[in-house]
$ cat protein.cif   # mmCIF, N, CA and C atoms
data_work
loop_
_atom_site.label_atom_id
_atom_site.label_comp_id
_atom_site.auth_asym_id
_atom_site.auth_seq_id
_atom_site.Cartn_x
_atom_site.Cartn_y
_atom_site.Cartn_z
N MET A 18 47.03 51.92 159.44
CA MET A 18 47.94 51.20 160.30
C MET A 18 48.14 52.03 161.57
N THR A 19 48.11 51.37 162.69
CA THR A 19 48.32 52.07 163.96
C THR A 19 49.80 52.37 164.16
N THR A 20 50.10 53.28 165.08
CA THR A 20 51.49 53.61 165.37
C THR A 20 52.25 52.40 165.88
N ALA A 21 51.63 51.62 166.74
CA ALA A 21 52.29 50.42 167.28
C ALA A 21 52.60 49.43 166.16
N ALA A 22 51.67 49.22 165.24
CA ALA A 22 51.89 48.30 164.13
C ALA A 22 52.98 48.82 163.21
N PHE A 23 53.00 50.12 162.97
CA PHE A 23 54.04 50.73 162.14
C PHE A 23 55.40 50.52 162.77
N ASN A 24 55.52 50.76 164.06
CA ASN A 24 56.80 50.63 164.75
C ASN A 24 57.33 49.21 164.74
N ARG A 25 56.46 48.22 164.69
CA ARG A 25 56.91 46.82 164.63
C ARG A 25 57.46 46.46 163.26
N THR A 26 56.97 47.11 162.20
CA THR A 26 57.36 46.72 160.85
C THR A 26 58.36 47.68 160.21
N ALA A 27 58.46 48.90 160.68
CA ALA A 27 59.32 49.91 160.06
C ALA A 27 60.76 49.80 160.55
N GLY A 28 61.66 50.28 159.74
CA GLY A 28 63.07 50.30 160.12
C GLY A 28 63.35 51.40 161.13
N PRO A 29 64.56 51.43 161.68
CA PRO A 29 64.88 52.38 162.74
C PRO A 29 64.84 53.84 162.29
N ILE A 30 65.26 54.14 161.07
CA ILE A 30 65.20 55.52 160.60
C ILE A 30 63.75 55.95 160.46
N ALA A 31 62.91 55.10 159.90
CA ALA A 31 61.49 55.43 159.76
C ALA A 31 60.83 55.63 161.11
N ARG A 32 61.20 54.81 162.11
CA ARG A 32 60.63 54.98 163.45
C ARG A 32 61.05 56.31 164.07
N ALA A 33 62.32 56.67 163.93
CA ALA A 33 62.81 57.93 164.48
C ALA A 33 62.16 59.12 163.77
N LEU A 34 62.10 59.06 162.46
CA LEU A 34 61.48 60.14 161.69
C LEU A 34 60.01 60.27 162.03
N ASN A 35 59.32 59.15 162.19
CA ASN A 35 57.90 59.18 162.56
C ASN A 35 57.72 59.82 163.94
N ALA A 36 58.60 59.53 164.88
CA ALA A 36 58.50 60.12 166.21
C ALA A 36 58.66 61.64 166.14
N VAL A 37 59.59 62.10 165.34
CA VAL A 37 59.83 63.54 165.19
C VAL A 37 58.65 64.21 164.51
N LYS A 38 58.24 63.68 163.37
CA LYS A 38 57.16 64.30 162.60
C LYS A 38 55.82 64.26 163.33
N SER A 39 55.54 63.21 164.09
CA SER A 39 54.26 63.13 164.79
C SER A 39 54.16 64.18 165.90
N VAL A 40 55.29 64.62 166.43
CA VAL A 40 55.28 65.64 167.48
C VAL A 40 55.20 67.04 166.89
N HIS A 41 55.93 67.30 165.79
CA HIS A 41 56.11 68.66 165.31
C HIS A 41 55.37 69.01 164.02
N CYS A 42 54.88 68.05 163.28
CA CYS A 42 54.33 68.32 161.96
C CYS A 42 52.88 67.85 161.85
N ALA A 43 52.00 68.64 162.40
CA ALA A 43 50.57 68.29 162.42
C ALA A 43 49.89 68.66 161.10
N PRO A 44 48.82 67.92 160.76
CA PRO A 44 48.04 68.28 159.58
C PRO A 44 47.39 69.65 159.80
N PRO A 45 47.03 70.36 158.84
CA PRO A 45 47.03 70.07 157.41
C PRO A 45 48.33 70.45 156.70
N THR A 46 49.22 71.22 157.35
CA THR A 46 50.43 71.68 156.66
C THR A 46 51.58 70.69 156.75
N TYR A 47 51.58 69.84 157.76
CA TYR A 47 52.66 68.87 157.99
C TYR A 47 54.03 69.53 158.09
N LYS A 48 54.06 70.70 158.74
CA LYS A 48 55.30 71.39 159.06
C LYS A 48 55.08 72.19 160.33
N PRO A 49 56.14 72.45 161.10
CA PRO A 49 55.98 73.18 162.35
C PRO A 49 55.75 74.67 162.11
N VAL A 50 55.25 75.34 163.13
CA VAL A 50 55.01 76.78 163.04
C VAL A 50 56.35 77.52 163.05
N HIS A 51 57.31 77.06 163.86
CA HIS A 51 58.63 77.65 163.97
C HIS A 51 59.67 76.54 163.74
N ASP A 52 60.88 76.93 163.36
CA ASP A 52 61.96 75.95 163.24
C ASP A 52 62.14 75.24 164.58
N VAL A 53 62.40 73.94 164.52
CA VAL A 53 62.54 73.12 165.73
C VAL A 53 63.93 72.50 165.76
N THR A 54 64.58 72.57 166.90
CA THR A 54 65.81 71.84 167.16
C THR A 54 65.63 71.15 168.49
N SER A 55 65.76 69.83 168.51
CA SER A 55 65.51 69.08 169.74
C SER A 55 66.22 67.74 169.70
N THR A 56 65.88 66.86 170.65
CA THR A 56 66.46 65.53 170.73
C THR A 56 65.36 64.50 170.94
N THR A 57 65.69 63.25 170.61
CA THR A 57 64.81 62.12 170.84
C THR A 57 65.70 60.89 171.05
N PRO A 58 65.20 59.86 171.72
CA PRO A 58 66.02 58.65 171.90
C PRO A 58 66.23 57.89 170.58
N CYS A 59 67.41 57.35 170.42
CA CYS A 59 67.71 56.54 169.24
C CYS A 59 67.03 55.18 169.39
N PRO A 60 66.28 54.72 168.37
CA PRO A 60 65.62 53.43 168.47
C PRO A 60 66.57 52.24 168.43
N LEU A 61 67.82 52.46 168.01
CA LEU A 61 68.79 51.36 167.95
C LEU A 61 69.59 51.22 169.22
N CYS A 62 70.23 52.30 169.66
CA CYS A 62 71.15 52.21 170.79
C CYS A 62 70.65 52.90 172.05
N LYS A 63 69.50 53.54 171.96
CA LYS A 63 68.91 54.30 173.08
C LYS A 63 69.75 55.51 173.45
N GLY A 64 70.67 55.92 172.57
CA GLY A 64 71.44 57.15 172.75
C GLY A 64 70.56 58.34 172.42
N THR A 65 71.16 59.43 171.98
CA THR A 65 70.41 60.65 171.69
C THR A 65 70.53 61.03 170.22
N ILE A 66 69.39 61.27 169.59
CA ILE A 66 69.35 61.80 168.24
C ILE A 66 69.08 63.29 168.34
N HIS A 67 69.96 64.09 167.74
CA HIS A 67 69.73 65.52 167.63
C HIS A 67 69.10 65.75 166.26
N TYR A 68 68.00 66.54 166.22
CA TYR A 68 67.33 66.76 164.95
C TYR A 68 66.85 68.20 164.82
N THR A 69 66.60 68.59 163.58
CA THR A 69 66.00 69.88 163.26
C THR A 69 64.87 69.65 162.27
N VAL A 70 63.85 70.50 162.35
CA VAL A 70 62.74 70.49 161.40
C VAL A 70 62.52 71.93 160.98
N ARG A 71 62.56 72.20 159.68
CA ARG A 71 62.39 73.56 159.17
C ARG A 71 60.92 73.91 159.05
N ALA A 72 60.58 75.12 159.48
CA ALA A 72 59.20 75.60 159.39
C ALA A 72 58.81 75.94 157.96
N SER A 73 59.77 76.31 157.14
CA SER A 73 59.46 76.74 155.78
C SER A 73 58.88 75.61 154.92
N ASP A 74 59.39 74.38 155.11
CA ASP A 74 58.94 73.30 154.25
C ASP A 74 58.73 71.96 154.97
N GLY A 75 59.02 71.90 156.27
CA GLY A 75 58.82 70.67 157.04
C GLY A 75 59.91 69.63 156.87
N LEU A 76 60.97 69.95 156.12
CA LEU A 76 62.05 68.99 155.94
C LEU A 76 62.87 68.88 157.22
N SER A 77 63.42 67.70 157.46
CA SER A 77 64.14 67.47 158.71
C SER A 77 65.47 66.78 158.47
N THR A 78 66.36 66.94 159.43
CA THR A 78 67.62 66.21 159.47
C THR A 78 67.81 65.70 160.89
N GLY A 79 68.45 64.57 161.03
CA GLY A 79 68.71 64.03 162.35
C GLY A 79 69.90 63.10 162.32
N ARG A 80 70.56 62.98 163.48
CA ARG A 80 71.74 62.12 163.56
C ARG A 80 71.93 61.65 164.99
N CYS A 81 72.20 60.36 165.15
CA CYS A 81 72.53 59.79 166.45
C CYS A 81 73.89 60.33 166.86
N ARG A 82 74.00 60.82 168.09
CA ARG A 82 75.23 61.46 168.55
C ARG A 82 76.11 60.55 169.40
N THR A 83 75.84 59.26 169.39
CA THR A 83 76.73 58.35 170.11
C THR A 83 77.95 58.05 169.26
N SER A 84 78.92 57.39 169.84
CA SER A 84 80.13 57.05 169.09
C SER A 84 79.82 56.07 167.95
N ARG A 85 78.73 55.32 168.08
CA ARG A 85 78.33 54.39 167.02
C ARG A 85 77.79 55.13 165.80
N GLY A 86 77.14 56.27 166.01
CA GLY A 86 76.53 56.99 164.89
C GLY A 86 75.52 56.12 164.17
N CYS A 87 74.65 55.47 164.93
CA CYS A 87 73.73 54.43 164.43
C CYS A 87 72.94 54.84 163.19
N LEU A 88 72.38 56.03 163.22
CA LEU A 88 71.54 56.39 162.09
C LEU A 88 71.57 57.89 161.87
N SER A 89 71.23 58.27 160.65
CA SER A 89 71.09 59.68 160.29
C SER A 89 70.14 59.77 159.12
N TRP A 90 69.53 60.94 158.97
CA TRP A 90 68.65 61.17 157.83
C TRP A 90 68.66 62.63 157.46
N SER A 91 68.26 62.89 156.26
CA SER A 91 68.05 64.23 155.74
C SER A 91 66.95 64.11 154.71
N GLU A 92 65.79 64.62 155.05
CA GLU A 92 64.66 64.51 154.12
C GLU A 92 63.75 65.69 154.26
#
$ encode --input "protein.cif" --output "structure tokens"
Amino acid sequence: MTTAAFNRTAGPIARALNAVKSVHCAPPTYKPVHDVTSTTPCPLCKGTIHYTVRASDGLSTGRCRTSRGCLSWSE
């Protein structure tokens, strides 16, 4: 499935997580070289999602920082 096709069918958390992981978690390890803390646009409200990705295991957390608090994840 292409990225465009995935984005049309996936939910907002999956789209946000995919955006983060596709930038920082390249194969073959699927984890970043160093811990990452950054931001990305929220797919729901276009606000800002603050996220972290751990280098030790590639797990990430993220949360929309608008007053709506549209989405969050920890995986």
$ closest_residue --input "protein.cif" --among "A:Lys48, A:Cys62, A:Leu88, A:Thr54" --to "Leu76 of chain A" --atoms "only C-alpha atoms"
A:Lys48
$ resolve_selection --input "protein.cif" --expression "the PyMOL selection byres (((chain A and resi 30-34 and name CA) around 8) and name CA)" --output "JSON list (two decimals) with N, CA and C atoms, in the coordinates of the input"
[["chain", "number", "residue", "atom", "x", "y", "z"],
["A", 23, "PHE", "N", 53.00, 50.12, 162.97],
["A", 23, "PHE", "CA", 54.04, 50.73, 162.14],
["A", 23, "PHE", "C", 55.40, 50.52, 162.77],
["A", 24, "ASN", "N", 55.52, 50.76, 164.06],
["A", 24, "ASN", "CA", 56.80, 50.63, 164.75],
["A", 24, "ASN", "C", 57.33, 49.21, 164.74],
["A", 27, "ALA", "N", 58.46, 48.90, 160.68],
["A", 27, "ALA", "CA", 59.32, 49.91, 160.06],
["A", 27, "ALA", "C", 60.76, 49.80, 160.55],
["A", 28, "GLY", "N", 61.66, 50.28, 159.74],
["A", 28, "GLY", "CA", 63.07, 50.30, 160.12],
["A", 28, "GLY", "C", 63.35, 51.40, 161.13],
["A", 29, "PRO", "N", 64.56, 51.43, 161.68],
["A", 29, "PRO", "CA", 64.88, 52.38, 162.74],
["A", 29, "PRO", "C", 64.84, 53.84, 162.29],
["A", 35, "ASN", "N", 59.32, 59.15, 162.19],
["A", 35, "ASN", "CA", 57.90, 59.18, 162.56],
["A", 35, "ASN", "C", 57.72, 59.82, 163.94],
["A", 36, "ALA", "N", 58.60, 59.53, 164.88],
["A", 36, "ALA", "CA", 58.50, 60.12, 166.21],
["A", 36, "ALA", "C", 58.66, 61.64, 166.14],
["A", 37, "VAL", "N", 59.59, 62.10, 165.34],
["A", 37, "VAL", "CA", 59.83, 63.54, 165.19],
["A", 37, "VAL", "C", 58.65, 64.21, 164.51],
["A", 38, "LYS", "N", 58.24, 63.68, 163.37],
["A", 38, "LYS", "CA", 57.16, 64.30, 162.60],
["A", 38, "LYS", "C", 55.82, 64.26, 163.33],
["A", 57, "THR", "N", 65.69, 63.25, 170.61],
["A", 57, "THR", "CA", 64.81, 62.12, 170.84],
["A", 57, "THR", "C", 65.70, 60.89, 171.05],
["A", 59, "CYS", "N", 67.41, 57.35, 170.42],
["A", 59, "CYS", "CA", 67.71, 56.54, 169.24],
["A", 59, "CYS", "C", 67.03, 55.18, 169.39],
["A", 60, "PRO", "N", 66.28, 54.72, 168.37],
["A", 60, "PRO", "CA", 65.62, 53.43, 168.47],
["A", 60, "PRO", "C", 66.57, 52.24, 168.43],
["A", 88, "LEU", "N", 72.38, 56.03, 163.22],
["A", 88, "LEU", "CA", 71.54, 56.39, 162.09],
["A", 88, "LEU", "C", 71.57, 57.89, 161.87],
["A", 89, "SER", "N", 71.23, 58.27, 160.65],
["A", 89, "SER", "CA", 71.09, 59.68, 160.29],
["A", 89, "SER", "C", 70.14, 59.77, 159.12],
["A", 90, "TRP", "N", 69.53, 60.94, 158.97],
["A", 90, "TRP", "CA", 68.65, 61.17, 157.83],
["A", 90, "TRP", "C", 68.66, 62.63, 157.46]]
$ select_by_dssp --input "protein.cif" --residues "chain A" --states "helix (DSSP H, G or I)" --output "mmCIF file with N, CA and C atoms, in the coordinates of the input"
data_model
loop_
_atom_site.group_PDB
_atom_site.id
_atom_site.type_symbol
_atom_site.label_atom_id
_atom_site.label_comp_id
_atom_site.auth_asym_id
_atom_site.auth_seq_id
_atom_site.Cartn_x
_atom_site.Cartn_y
_atom_site.Cartn_z
ATOM 1 N N THR A 20 50.100 53.280 165.080
ATOM 2 C CA THR A 20 51.490 53.610 165.370
ATOM 3 C C THR A 20 52.250 52.400 165.880
ATOM 4 N N ALA A 21 51.630 51.620 166.740
ATOM 5 C CA ALA A 21 52.290 50.420 167.280
ATOM 6 C C ALA A 21 52.600 49.430 166.160
ATOM 7 N N ALA A 22 51.670 49.220 165.240
ATOM 8 C CA ALA A 22 51.890 48.300 164.130
ATOM 9 C C ALA A 22 52.980 48.820 163.210
ATOM 10 N N PHE A 23 53.000 50.120 162.970
ATOM 11 C CA PHE A 23 54.040 50.730 162.140
ATOM 12 C C PHE A 23 55.400 50.520 162.770
ATOM 13 N N ASN A 24 55.520 50.760 164.060
ATOM 14 C CA ASN A 24 56.800 50.630 164.750
ATOM 15 C C ASN A 24 57.330 49.210 164.740
ATOM 16 N N ARG A 25 56.460 48.220 164.690
ATOM 17 C CA ARG A 25 56.910 46.820 164.630
ATOM 18 C C ARG A 25 57.460 46.460 163.260
ATOM 19 N N THR A 26 56.970 47.110 162.200
ATOM 20 C CA THR A 26 57.360 46.720 160.850
ATOM 21 C C THR A 26 58.360 47.680 160.210
ATOM 22 N N PRO A 29 64.560 51.430 161.680
ATOM 23 C CA PRO A 29 64.880 52.380 162.740
ATOM 24 C C PRO A 29 64.840 53.840 162.290
ATOM 25 N N ILE A 30 65.260 54.140 161.070
ATOM 26 C CA ILE A 30 65.200 55.520 160.600
ATOM 27 C C ILE A 30 63.750 55.950 160.460
ATOM 28 N N ALA A 31 62.910 55.100 159.900
ATOM 29 C CA ALA A 31 61.490 55.430 159.760
ATOM 30 C C ALA A 31 60.830 55.630 161.110
ATOM 31 N N ARG A 32 61.200 54.810 162.110
ATOM 32 C CA ARG A 32 60.630 54.980 163.450
ATOM 33 C C ARG A 32 61.050 56.310 164.070
ATOM 34 N N ALA A 33 62.320 56.670 163.930
ATOM 35 C CA ALA A 33 62.810 57.930 164.480
ATOM 36 C C ALA A 33 62.160 59.120 163.770
ATOM 37 N N LEU A 34 62.100 59.060 162.460
ATOM 38 C CA LEU A 34 61.480 60.140 161.690
ATOM 39 C C LEU A 34 60.010 60.270 162.030
ATOM 40 N N ASN A 35 59.320 59.150 162.190
ATOM 41 C CA ASN A 35 57.900 59.180 162.560
ATOM 42 C C ASN A 35 57.720 59.820 163.940
ATOM 43 N N ALA A 36 58.600 59.530 164.880
ATOM 44 C CA ALA A 36 58.500 60.120 166.210
ATOM 45 C C ALA A 36 58.660 61.640 166.140
ATOM 46 N N VAL A 37 59.590 62.100 165.340
ATOM 47 C CA VAL A 37 59.830 63.540 165.190
ATOM 48 C C VAL A 37 58.650 64.210 164.510
ATOM 49 N N LYS A 38 58.240 63.680 163.370
ATOM 50 C CA LYS A 38 57.160 64.300 162.600
ATOM 51 C C LYS A 38 55.820 64.260 163.330
ATOM 52 N N SER A 39 55.540 63.210 164.090
ATOM 53 C CA SER A 39 54.260 63.130 164.790
ATOM 54 C C SER A 39 54.160 64.180 165.900
ATOM 55 N N VAL A 40 55.290 64.620 166.430
ATOM 56 C CA VAL A 40 55.280 65.640 167.480
ATOM 57 C C VAL A 40 55.200 67.040 166.890
ATOM 58 N N HIS A 41 55.930 67.300 165.790
ATOM 59 C CA HIS A 41 56.110 68.660 165.310
ATOM 60 C C HIS A 41 55.370 69.010 164.020
#
$ closest_residue --input "protein.cif" --among "A:Thr83, A:Ser39, A:Ser91, A:Ser77" --to "Thr65 of chain A" --atoms "all atoms listed in the file"
A:Thr83
$ atom_distance --input "protein.cif" --atom1 "atom CA of Thr46 of chain A" --atom2 "atom CA of Gly75 of chain A"
8.5 Å
$ atom_distance --input "protein.cif" --atom1 "atom CA of Thr56 of chain A" --atom2 "atom N of Asp74 of chain A"
19.3 Å
$ select_by_dssp --input "protein.cif" --residues "chain A" --states "strand (DSSP E)" --output "list in words"
Val53, Thr54, Ser55, Thr56, Thr57, Pro58, Thr65, Ile66, His67, Tyr68, Thr69, Val70, Ser77, Thr78, Gly79, Arg80, Cys81, Ser89, Trp90 and Ser91 of chain A
$ residues_around --input "protein.cif" --residues "segment 68-73 of chain A" --least-positions-apart "4" --cutoff "5 Å" --atoms "all atoms listed in the file" --output "MDAnalysis selection string"
chainID A and resid 49 51:56 77:79
$ atom_distance --input "protein.cif" --atom1 "atom C of Ala43 of chain A" --atom2 "atom C of Ile66 of chain A"
21.2 Å
$ axis_aligned_box --input "protein.cif" --around "segment 45-54 of chain A" --padding-each-side "3 Å" --output "JSON"
{"center_x": 56.4, "center_y": 73.3, "center_z": 162.6, "size_x": 24.8, "size_y": 14.8, "size_z": 17.8}
